[in-house]
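What follows is the content of coords_4.pdb, which has PDB, C-alpha atoms and all ligand atoms:
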```pdb
MODEL        1
ATOM      1  CA  MET B   1      17.177   9.652  10.695
ATOM      2  CA  ALA B   2      14.063   7.658  11.559
ATOM      3  CA  GLN B   3      11.809   8.793  14.352
ATOM      4  CA  ALA B   4       8.814   7.067  15.798
ATOM      5  CA  SER B   5       6.323   8.111  18.376
ATOM      6  CA  PRO B   6       3.172   6.534  19.753
ATOM      7  CA  ALA B   7       0.156   7.888  17.917
ATOM      8  CA  PRO B   8      -2.830   7.529  20.224
ATOM      9  CA  ASN B   9      -5.216   8.943  17.670
ATOM     10  CA  PRO B  10      -3.491  10.379  14.599
ATOM     11  CA  SER B  11      -6.629   9.779  12.576
ATOM     12  CA  ALA B  12      -8.528  12.298  14.652
ATOM     13  CA  ALA B  13      -5.613  14.738  14.427
ATOM     14  CA  GLY B  14      -5.722  14.439  10.646
ATOM     15  CA  ALA B  15      -9.341  15.565  10.595
ATOM     16  CA  HIS B  16      -8.120  19.162  10.380
ATOM     17  CA  GLN B  17      -5.330  18.474   7.886
ATOM     18  CA  GLY B  18      -7.102  17.310   4.790
ATOM     19  CA  VAL B  19      -8.710  13.937   5.465
ATOM     20  CA  ILE B  20      -9.641  12.469   2.077
ATOM     21  CA  HIS B  21     -10.909   9.001   3.040
ATOM     22  CA  GLN B  22     -12.801   8.322   6.216
ATOM     23  CA  LEU B  23     -13.972   4.978   7.558
ATOM     24  CA  ARG B  24     -16.677   5.639  10.123
ATOM     25  CA  ASN B  25     -17.583   2.733  12.393
ATOM     26  CA  VAL B  26     -17.227   0.313   9.507
ATOM     27  CA  SER B  27     -18.152  -3.349   9.881
ATOM     28  CA  PHE B  28     -18.167  -6.004   7.174
ATOM     29  CA  SER B  29     -19.344  -9.618   7.180
ATOM     30  CA  TYR B  30     -19.008 -12.391   4.623
ATOM     31  CA  ASP B  31     -21.523 -15.186   4.177
ATOM     32  CA  ASP B  32     -24.584 -13.230   5.329
ATOM     33  CA  GLY B  33     -23.042 -12.411   8.665
ATOM     34  CA  GLY B  34     -21.358 -15.804   9.108
ATOM     35  CA  VAL B  35     -17.820 -14.342   9.058
ATOM     36  CA  LEU B  36     -17.354 -10.947  10.645
ATOM     37  CA  ALA B  37     -14.153  -9.628   9.024
ATOM     38  CA  VAL B  38     -14.152  -5.961  10.131
ATOM     39  CA  ASP B  39     -15.732  -4.776  13.355
ATOM     40  CA  ASN B  40     -16.742  -1.152  14.001
ATOM     41  CA  LEU B  41     -13.481   0.258  12.659
ATOM     42  CA  SER B  42     -12.848   3.992  12.258
ATOM     43  CA  LEU B  43      -9.809   5.265  10.384
ATOM     44  CA  ASN B  44      -8.916   8.448   8.503
ATOM     45  CA  PHE B  45      -6.471   8.907   5.668
ATOM     46  CA  VAL B  46      -4.910  12.303   5.111
ATOM     47  CA  GLY B  47      -4.057  13.475   1.597
ATOM     48  CA  GLY B  48      -0.413  12.895   0.746
ATOM     49  CA  GLU B  49       0.363  10.461   3.570
ATOM     50  CA  SER B  50       1.442   6.850   3.211
ATOM     51  CA  VAL B  51      -0.243   4.409   5.568
ATOM     52  CA  ALA B  52       0.712   0.766   6.031
ATOM     53  CA  ILE B  53      -1.853  -1.674   7.399
ATOM     54  CA  VAL B  54      -0.354  -4.675   9.145
ATOM     55  CA  GLY B  55      -2.032  -7.510  11.008
ATOM     56  CA  PRO B  56      -2.178 -11.268  11.517
ATOM     57  CA  SER B  57      -2.971 -13.414   8.500
ATOM     58  CA  GLY B  58      -6.731 -13.567   7.900
ATOM     59  CA  CYS B  59      -7.481 -10.610  10.161
ATOM     60  CA  GLY B  60      -9.253  -8.558   7.493
ATOM     61  CA  LYS B  61      -6.513  -6.421   5.871
ATOM     62  CA  SER B  62      -7.484  -7.153   2.266
ATOM     63  CA  THR B  63     -11.144  -6.782   3.157
ATOM     64  CA  LEU B  64     -10.409  -3.320   4.523
ATOM     65  CA  LEU B  65      -8.618  -2.382   1.308
ATOM     66  CA  ALA B  66     -11.499  -3.749  -0.792
ATOM     67  CA  LEU B  67     -13.919  -1.620   1.229
ATOM     68  CA  LEU B  68     -11.749   1.463   0.747
ATOM     69  CA  ALA B  69     -11.617   0.754  -2.996
ATOM     70  CA  GLY B  70     -15.382   0.323  -3.159
ATOM     71  CA  PHE B  71     -15.174  -3.327  -4.290
ATOM     72  CA  ALA B  72     -17.455  -4.117  -1.346
ATOM     73  CA  ASN B  73     -19.814  -2.058   0.773
ATOM     74  CA  PRO B  74     -19.780  -1.944   4.583
ATOM     75  CA  THR B  75     -22.507  -3.955   6.269
ATOM     76  CA  ALA B  76     -22.580  -1.210   8.916
ATOM     77  CA  GLY B  77     -21.043   2.238   9.144
ATOM     78  CA  GLU B  78     -19.921   4.296   6.163
ATOM     79  CA  ILE B  79     -16.918   5.294   4.090
ATOM     80  CA  VAL B  80     -16.655   8.894   2.960
ATOM     81  CA  HIS B  81     -14.294  10.120   0.225
ATOM     82  CA  THR B  82     -13.715  13.737  -0.698
ATOM     83  CA  PRO B  83     -13.787  14.360  -4.455
ATOM     84  CA  ALA B  84     -10.423  13.916  -6.190
ATOM     85  CA  PRO B  85      -8.999  17.134  -7.639
ATOM     86  CA  ALA B  86      -9.325  17.790 -11.359
ATOM     87  CA  GLY B  87      -6.840  15.826 -13.387
ATOM     88  CA  ARG B  88      -6.435  13.073 -10.797
ATOM     89  CA  HIS B  89      -8.013   9.642 -11.005
ATOM     90  CA  PRO B  90      -9.587   8.948  -7.572
ATOM     91  CA  MET B  91      -7.912   5.616  -6.832
ATOM     92  CA  THR B  92      -6.103   2.661  -8.360
ATOM     93  CA  MET B  93      -4.837  -0.591  -6.881
ATOM     94  CA  VAL B  94      -1.728  -2.730  -7.203
ATOM     95  CA  PHE B  95      -2.670  -6.368  -6.597
ATOM     96  CA  GLN B  96      -0.666  -9.192  -5.100
ATOM     97  CA  ASN B  97      -0.964 -11.279  -8.264
ATOM     98  CA  GLU B  98       0.474  -9.951 -11.456
ATOM     99  CA  THR B  99      -2.065  -8.247 -13.628
ATOM    100  CA  LEU B 100      -0.024  -7.790 -16.808
ATOM    101  CA  LEU B 101      -1.434  -8.832 -20.139
ATOM    102  CA  PRO B 102       1.076 -11.277 -21.680
ATOM    103  CA  TRP B 103       0.346 -10.219 -25.250
ATOM    104  CA  LEU B 104       1.161  -6.549 -24.601
ATOM    105  CA  ASN B 105       4.670  -5.142 -24.275
ATOM    106  CA  VAL B 106       5.857  -2.973 -21.372
ATOM    107  CA  VAL B 107       4.683   0.358 -22.815
ATOM    108  CA  ASP B 108       1.303  -0.976 -23.911
ATOM    109  CA  ASN B 109       0.686  -2.615 -20.519
ATOM    110  CA  ILE B 110       1.459   0.665 -18.764
ATOM    111  CA  LYS B 111      -0.850   2.563 -21.146
ATOM    112  CA  LEU B 112      -3.669   0.001 -20.932
ATOM    113  CA  PHE B 113      -5.878   2.171 -18.708
ATOM    114  CA  PHE B 114      -6.035   4.866 -21.386
ATOM    115  CA  ARG B 115      -7.412   2.491 -24.025
ATOM    116  CA  TYR B 116     -10.639   2.281 -22.049
ATOM    117  CA  ASN B 117     -10.701   5.666 -20.311
ATOM    118  CA  LYS B 118     -10.603   8.654 -22.608
ATOM    119  CA  GLY B 119      -9.930  11.605 -20.314
ATOM    120  CA  ALA B 120      -8.972  15.194 -20.977
ATOM    121  CA  GLU B 121      -5.252  14.462 -21.215
ATOM    122  CA  SER B 122      -3.621  14.621 -24.606
ATOM    123  CA  LYS B 123      -1.885  11.606 -26.086
ATOM    124  CA  SER B 124       1.449  13.402 -25.893
ATOM    125  CA  THR B 125       1.002  14.199 -22.172
ATOM    126  CA  ILE B 126       0.242  10.556 -21.431
ATOM    127  CA  GLU B 127       3.167   9.356 -23.509
ATOM    128  CA  ALA B 128       5.540  11.772 -21.802
ATOM    129  CA  ARG B 129       4.398  10.562 -18.380
ATOM    130  CA  VAL B 130       4.775   6.912 -19.359
ATOM    131  CA  ARG B 131       8.308   7.661 -20.617
ATOM    132  CA  ASP B 132       9.146   9.413 -17.336
ATOM    133  CA  LEU B 133       7.751   6.529 -15.279
ATOM    134  CA  ILE B 134       9.729   3.975 -17.271
ATOM    135  CA  ALA B 135      12.908   5.988 -16.677
ATOM    136  CA  LEU B 136      12.168   6.410 -12.942
ATOM    137  CA  ALA B 137      11.639   2.661 -12.564
ATOM    138  CA  GLY B 138      14.863   1.860 -14.430
ATOM    139  CA  LEU B 139      13.057   0.115 -17.278
ATOM    140  CA  GLY B 140      14.588   2.203 -20.060
ATOM    141  CA  GLY B 141      15.494  -0.057 -23.001
ATOM    142  CA  PHE B 142      12.817  -2.638 -22.124
ATOM    143  CA  GLU B 143       9.849  -0.719 -23.557
ATOM    144  CA  ARG B 144       9.142  -3.286 -26.300
ATOM    145  CA  PHE B 145       9.766  -6.364 -24.156
ATOM    146  CA  TYR B 146       6.869  -8.681 -23.284
ATOM    147  CA  PRO B 147       6.196  -9.834 -19.708
ATOM    148  CA  HIS B 148       7.719 -13.295 -20.267
ATOM    149  CA  GLN B 149      11.002 -11.621 -21.276
ATOM    150  CA  LEU B 150      11.304  -9.750 -17.963
ATOM    151  CA  SER B 151      12.560 -10.743 -14.520
ATOM    152  CA  GLY B 152      10.094 -11.027 -11.613
ATOM    153  CA  GLY B 153      11.217  -7.656 -10.242
ATOM    154  CA  MET B 154      10.793  -5.983 -13.633
ATOM    155  CA  ARG B 155       7.300  -7.427 -14.045
ATOM    156  CA  LYS B 156       6.375  -6.072 -10.613
ATOM    157  CA  ARG B 157       7.710  -2.658 -11.648
ATOM    158  CA  VAL B 158       5.584  -2.703 -14.797
ATOM    159  CA  ALA B 159       2.511  -3.800 -12.808
ATOM    160  CA  PHE B 160       3.149  -0.944 -10.372
ATOM    161  CA  LEU B 161       3.442   1.534 -13.242
ATOM    162  CA  THR B 162       0.138   0.379 -14.790
ATOM    163  CA  SER B 163      -1.543   1.582 -11.586
ATOM    164  CA  VAL B 164       0.477   4.803 -11.338
ATOM    165  CA  ALA B 165       0.079   5.913 -14.978
ATOM    166  CA  PRO B 166      -3.571   7.050 -14.519
ATOM    167  CA  LEU B 167      -2.210   9.493 -11.890
ATOM    168  CA  PRO B 168      -4.378   8.363  -8.968
ATOM    169  CA  ARG B 169      -4.817  10.602  -5.972
ATOM    170  CA  THR B 170      -4.659   7.427  -3.876
ATOM    171  CA  LEU B 171      -2.732   4.273  -4.637
ATOM    172  CA  LEU B 172      -3.800   1.090  -2.841
ATOM    173  CA  LEU B 173      -1.330  -1.785  -2.640
ATOM    174  CA  ASP B 174      -2.307  -5.262  -1.451
ATOM    175  CA  GLU B 175       0.900  -7.123  -0.518
ATOM    176  CA  PRO B 176       2.304  -6.399  -3.967
ATOM    177  CA  PHE B 177       5.921  -7.371  -3.326
ATOM    178  CA  SER B 178       5.511 -10.430  -1.088
ATOM    179  CA  SER B 179       6.629 -12.887  -3.782
ATOM    180  CA  LEU B 180       9.970 -11.134  -4.364
ATOM    181  CA  ASP B 181      13.333 -11.898  -2.801
ATOM    182  CA  GLU B 182      14.582  -9.319  -0.312
ATOM    183  CA  PRO B 183      17.145  -7.461  -2.497
ATOM    184  CA  THR B 184      14.622  -7.150  -5.336
ATOM    185  CA  ARG B 185      11.986  -5.952  -2.882
ATOM    186  CA  VAL B 186      14.321  -3.267  -1.518
ATOM    187  CA  GLY B 187      14.901  -2.060  -5.096
ATOM    188  CA  LEU B 188      11.141  -1.828  -5.576
ATOM    189  CA  HIS B 189      10.841   0.142  -2.339
ATOM    190  CA  GLU B 190      13.297   2.727  -3.685
ATOM    191  CA  ASP B 191      11.187   3.110  -6.825
ATOM    192  CA  VAL B 192       7.889   3.317  -4.917
ATOM    193  CA  LEU B 193       9.219   6.055  -2.613
ATOM    194  CA  LYS B 194      10.553   8.038  -5.583
ATOM    195  CA  ILE B 195       7.422   7.743  -7.694
ATOM    196  CA  VAL B 196       4.857   8.301  -4.922
ATOM    197  CA  ARG B 197       6.728  11.457  -3.893
ATOM    198  CA  GLN B 198       7.196  12.746  -7.419
ATOM    199  CA  TYR B 199       3.499  12.361  -8.278
ATOM    200  CA  ASN B 200       2.209  13.432  -4.857
ATOM    201  CA  MET B 201       0.089  10.332  -4.270
ATOM    202  CA  THR B 202      -1.552   9.126  -1.079
ATOM    203  CA  MET B 203      -0.651   5.490  -0.471
ATOM    204  CA  VAL B 204      -2.400   2.781   1.511
ATOM    205  CA  LEU B 205      -0.376  -0.407   1.691
ATOM    206  CA  VAL B 206      -1.410  -3.774   3.114
ATOM    207  CA  THR B 207       1.608  -5.840   4.073
ATOM    208  CA  HIS B 208       2.673  -8.532   6.502
ATOM    209  CA  ASP B 209       6.261  -7.253   6.298
ATOM    210  CA  ILE B 210       6.960  -4.761   9.087
ATOM    211  CA  ALA B 211      10.283  -3.663   7.577
ATOM    212  CA  GLU B 212       8.377  -2.827   4.383
ATOM    213  CA  ALA B 213       5.763  -0.940   6.402
ATOM    214  CA  VAL B 214       8.345   1.174   8.233
ATOM    215  CA  THR B 215      10.294   1.792   5.030
ATOM    216  CA  LEU B 216       7.348   3.003   2.979
ATOM    217  CA  ALA B 217       4.858   4.487   5.422
ATOM    218  CA  ASP B 218       4.442   7.682   7.408
ATOM    219  CA  ARG B 219       2.046   5.819   9.686
ATOM    220  CA  VAL B 220       1.621   2.140  10.496
ATOM    221  CA  VAL B 221      -1.707   0.755  11.679
ATOM    222  CA  ILE B 222      -1.673  -2.651  13.394
ATOM    223  CA  LEU B 223      -4.917  -4.585  13.278
ATOM    224  CA  THR B 224      -6.181  -7.122  15.792
ATOM    225  CA  LYS B 225      -6.840 -10.701  14.756
ATOM    226  CA  ARG B 226     -10.222 -11.128  13.024
ATOM    227  CA  PRO B 227     -12.545  -9.321  13.239
ATOM    228  CA  ALA B 228     -10.259  -6.415  12.412
ATOM    229  CA  GLN B 229     -10.122  -3.519  14.815
ATOM    230  CA  ILE B 230      -7.247  -1.107  15.370
ATOM    231  CA  ALA B 231      -4.787  -2.526  17.888
ATOM    232  CA  ASP B 232      -2.059   0.085  17.574
ATOM    233  CA  GLU B 233      -0.836   2.984  15.461
ATOM    234  CA  ARG B 234       2.591   4.572  15.113
ATOM    235  CA  VAL B 235       3.564   7.730  13.273
ATOM    236  CA  ILE B 236       6.904   7.108  11.547
ATOM    237  CA  SER B 237       9.039   9.968  10.465
ATOM    238  CA  VAL B 238      11.832   8.649   8.294
ATOM    239  CA  SER B 239      13.891  10.668   5.864
ATOM    240  CA  LYS B 240      12.686   9.035   2.673
ATOM    241  CA  GLU B 241      15.543  10.791   0.887
ATOM    242  CA  GLU B 242      17.996   8.268   2.319
ATOM    243  CA  PRO B 243      18.702   5.056   0.403
ATOM    244  CA  VAL B 244      16.532   2.264   1.810
ATOM    245  CA  LEU B 245      19.499   0.204   3.034
ATOM    246  CA  GLU B 246      20.829   3.163   5.012
ATOM    247  CA  MET B 247      17.377   3.864   6.419
ATOM    248  CA  ARG B 248      17.153   0.244   7.595
ATOM    249  CA  ARG B 249      20.470   0.424   9.428
ATOM    250  CA  ASP B 250      19.376   3.465  11.393
ATOM    251  CA  PRO B 251      19.012   2.529  15.095
ATOM    252  CA  VAL B 252      15.687   4.330  15.294
ATOM    253  CA  PHE B 253      14.395   2.294  12.334
ATOM    254  CA  LEU B 254      15.413  -0.892  14.144
ATOM    255  CA  GLU B 255      13.791   0.305  17.345
ATOM    256  CA  VAL B 256      10.425   1.044  15.736
ATOM    257  CA  TYR B 257      10.656  -2.217  13.779
ATOM    258  CA  ALA B 258      11.058  -4.199  17.020
ATOM    259  CA  ASP B 259       8.351  -2.157  18.719
ATOM    260  CA  LEU B 260       5.830  -2.809  15.930
ATOM    261  CA  TRP B 261       6.765  -6.486  15.855
ATOM    262  CA  ASP B 262       6.016  -6.732  19.574
ATOM    263  CA  SER B 263       2.691  -5.062  18.943
ATOM    264  CA  LEU B 264       1.894  -7.484  16.103
ATOM    265  CA  ALA B 265       3.058 -10.481  18.154
ATOM    266  CA  ARG B 266       0.475  -9.613  20.789
ATOM    267  CA  GLN B 267      -2.174 -10.195  18.102
ATOM    268  CA  ILE B 268      -0.736 -13.530  16.989
ATOM    269  CA  GLU B 269      -1.276 -16.793  18.817
ATOM    270  CA  PRO B 270       0.515 -18.456  20.453
ATOM    271  CA  ALA B 271       1.844 -15.463  22.347
ATOM    272  CA  GLY B 272       5.523 -14.767  22.599
ATOM    273  CA  VAL B 273       6.541 -14.627  18.920
ATOM    274  CA  ARG B 274       9.835 -12.720  18.791
ATOM    275  CA  ALA B 275      10.828 -10.151  16.198
ATOM    276  CA  PRO B 276      13.352 -11.357  13.618
ATOM    277  CA  SER B 277      15.976  -8.876  12.441
ATOM    278  CA  PRO B 278      15.119  -7.204   9.152
ATOM    279  CA  GLU B 279      17.061  -9.138   6.483
ATOM    280  CA  VAL B 280      18.999  -6.159   5.250
ATOM    281  CA  ALA B 281      20.079  -5.084   8.707
ATOM    282  CA  LYS B 282      21.933  -8.359   9.340
TER     283      LYS B 282
HETATM  284  P1  LIG I   1      -6.122 -10.772   5.404
HETATM  285  O1  LIG I   1      -6.003  -9.913   4.198
HETATM  286  O2  LIG I   1      -5.848 -10.041   6.671
HETATM  287  O3  LIG I   1      -5.307 -12.031   5.316
HETATM  288  P2  LIG I   1      -8.854 -11.109   4.491
HETATM  289  O4  LIG I   1      -9.386  -9.731   4.502
HETATM  290  O5  LIG I   1      -8.480 -11.694   3.188
HETATM  291  O6  LIG I   1      -7.647 -11.232   5.537
HETATM  292  O7  LIG I   1      -9.945 -12.066   5.142
HETATM  293  C1  LIG I   1     -10.511 -11.819   6.422
HETATM  294  C2  LIG I   1     -11.388 -12.983   6.808
HETATM  295  O8  LIG I   1     -12.502 -13.052   5.938
HETATM  296  C3  LIG I   1     -10.692 -14.318   6.734
HETATM  297  O9  LIG I   1     -11.121 -15.117   7.817
HETATM  298  C4  LIG I   1     -11.162 -14.918   5.439
HETATM  299  O10 LIG I   1     -11.192 -16.321   5.486
HETATM  300  C5  LIG I   1     -12.559 -14.333   5.312
HETATM  301  N1  LIG I   1     -12.903 -14.152   3.906
HETATM  302  C6  LIG I   1     -12.196 -13.455   3.000
HETATM  303  N2  LIG I   1     -12.809 -13.477   1.801
HETATM  304  C7  LIG I   1     -13.942 -14.208   1.979
HETATM  305  C8  LIG I   1     -15.015 -14.604   1.116
HETATM  306  N3  LIG I   1     -15.045 -14.222  -0.166
HETATM  307  N4  LIG I   1     -16.000 -15.360   1.643
HETATM  308  C9  LIG I   1     -15.999 -15.739   2.944
HETATM  309  N5  LIG I   1     -15.009 -15.397   3.816
HETATM  310  C10 LIG I   1     -14.002 -14.641   3.335
ENDMDL
END
```

Structure translated into structure tokens:
Amino acid sequence: MAQASPAPNPSAAGAHQGVIHQLRNVSFSYDDGGVLAVDNLSLNFVGGESVAIVGPSGCGKSTLLALLAGFANPTAGEIVHTPAPAGRHPMTMVFQNETLLPWLNVVDNIKLFFRYNKGAESKSTIEARVRDLIALAGLGGFERFYPHQLSGGMRKRVAFLTSVAPLPRTLLLDEPFSSLDEPTRVGLHEDVLKIVRQYNMTMVLVTHDIAEAVTLADRVVILTKRPAQIADERVISVSKEEPVLEMRRDPVFLEVYADLWDSLARQIEPAGVRAPSPEVAK
């Protein structure tokens, strides 16, 4: 059963429950101040939660993720991370565009990180984890296949696993499934939920797909149009044990979906955009 409730300031509430990433009054400009993308934004991320960031196109979602990843530095404010526990890589990212190397097979793509990062883990531990991940993602039997021999959904699964294999504490995803058809995307959602739970990862997902946000996240943050500020937040309590299609037929899922769409529509011009039904609920 899905449940949703307004979350006036869940970030502040999380301050006493293990905040691991904290954006404090963060602003960011491109072009020497010519384009203000993020404006005085404060947001906390609690260890183990999944947060979806949604907002109008061009509002600053990817910029926010790049700041969180450390690819760019705030022009004002600061971002504070607690140290990752021993044995966990601090953070990895799944990108929108495929990042697989065409000359490596499935297993070697998934293990690529370890070629360049010699950690404390033994080869056998890494290989066992890669085997488990391949099984969890339903890729058993395709270990020696090359990217061009796989379907789009399978390539996305492999790309996802390349970012999971290093065992990050936090997994960032930047619209990773937007190019997929809806049934394939739902299959990916099942795998993401399973794997994120099994490996106890924190997830921060940028998406323009509200159904995806409600399906995958414990909390959805809606951003204003550029420059990004927080327009709205909802805590979403969905039994992630349920199959995704059942979750999406739940009346409470549909209610929060419509509610978030209304909230997003208020940020999109012209006003009055109406929420479509989630594909799978038709
Ligand atoms: P979103 O992910 O929400 O679509 P982005 O974070 O990619 O938005 O971009 C936010 C704003 O910053 C947009 O107006 C975009 O045009 C601008 N922008 C993004 N990258 C650059 C860049 N490298 N140089 C200048 N402006 C940029």

Exercise for the section: Write out as a ChimeraX atom specification which residues come within 9 Å of Val26 in chain B when counting only C-alpha atoms, dropping same-chain ones fewer than 6 positions away. Expected result: /B:38-43,74-79

C-alpha atoms of the current selection, written as a PDB file, in the frame of the given file:
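Written out: out31.pdb:
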```
ATOM      1  CA  VAL B  38     -14.152  -5.961  10.131  1.00  0.00           C
ATOM      2  CA  ASP B  39     -15.732  -4.776  13.355  1.00  0.00           C
ATOM      3  CA  ASN B  40     -16.742  -1.152  14.001  1.00  0.00           C
ATOM      4  CA  LEU B  41     -13.481   0.258  12.659  1.00  0.00           C
ATOM      5  CA  SER B  42     -12.848   3.992  12.258  1.00  0.00           C
ATOM      6  CA  LEU B  43      -9.809   5.265  10.384  1.00  0.00           C
ATOM      7  CA  PRO B  74     -19.780  -1.944   4.583  1.00  0.00           C
ATOM      8  CA  THR B  75     -22.507  -3.955   6.269  1.00  0.00           C
ATOM      9  CA  ALA B  76     -22.580  -1.210   8.916  1.00  0.00           C
ATOM     10  CA  GLY B  77     -21.043   2.238   9.144  1.00  0.00           C
ATOM     11  CA  GLU B  78     -19.921   4.296   6.163  1.00  0.00           C
ATOM     12  CA  ILE B  79     -16.918   5.294   4.090  1.00  0.00           C
TER      13      ILE B  79
END
```

Exercise for the section: Write out as a PyMOL selection string each polymer residue whose atoms come within 7 Å of range 55-59 of chain B, counting all atoms listed in the file; drop sequence neighbours fewer than 3 positions from it. Expected result: chain B and resi 37+208+222-228+264+267-268

Take every atom of ligand LIG 1 (chain I) listed in the file, fit an axis-aligned box around them, add 3 Å per side, and give the centre and edge lengths in Å to one decimal as AutoDock Vina command-line options.
```
--center_x -10.7 --center_y -13.0 --center_z 3.8 --size_x 16.7 --size_y 12.6 --size_z 14.0
```

Handout entry: Picked residues, the PyMOL selection byres (((chain B and resi 239) around 12) and not hetatm), expected as a PyMOL selection string
Key = chain B and resi 1-4+193+214-218+236-238+240-244+246-248+250+252-253

Problem - Best match for closeness to ligand LIG 1 (chain I) among B:Glu121, B:Asn200, B:Pro83, B:Thr207, counting all atoms listed in the file - result: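 For ligand LIG 1 (chain I), the nearest of the given residues is B:Thr207.
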
Exercise for the section: Go ahead and compute the interatomic distance for CA of Leu104 in chain B and CA of Pro168 in chain B, in Å to one decimal. Expected result: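 Between these atoms lies a distance of 22.3 Å.
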
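Nearest to ligand LIG 1 (chain I) of all the residues B:Val235, B:Leu161, B:Ile53, B:Met154 is B:Ile53, counting all atoms listed in the file.
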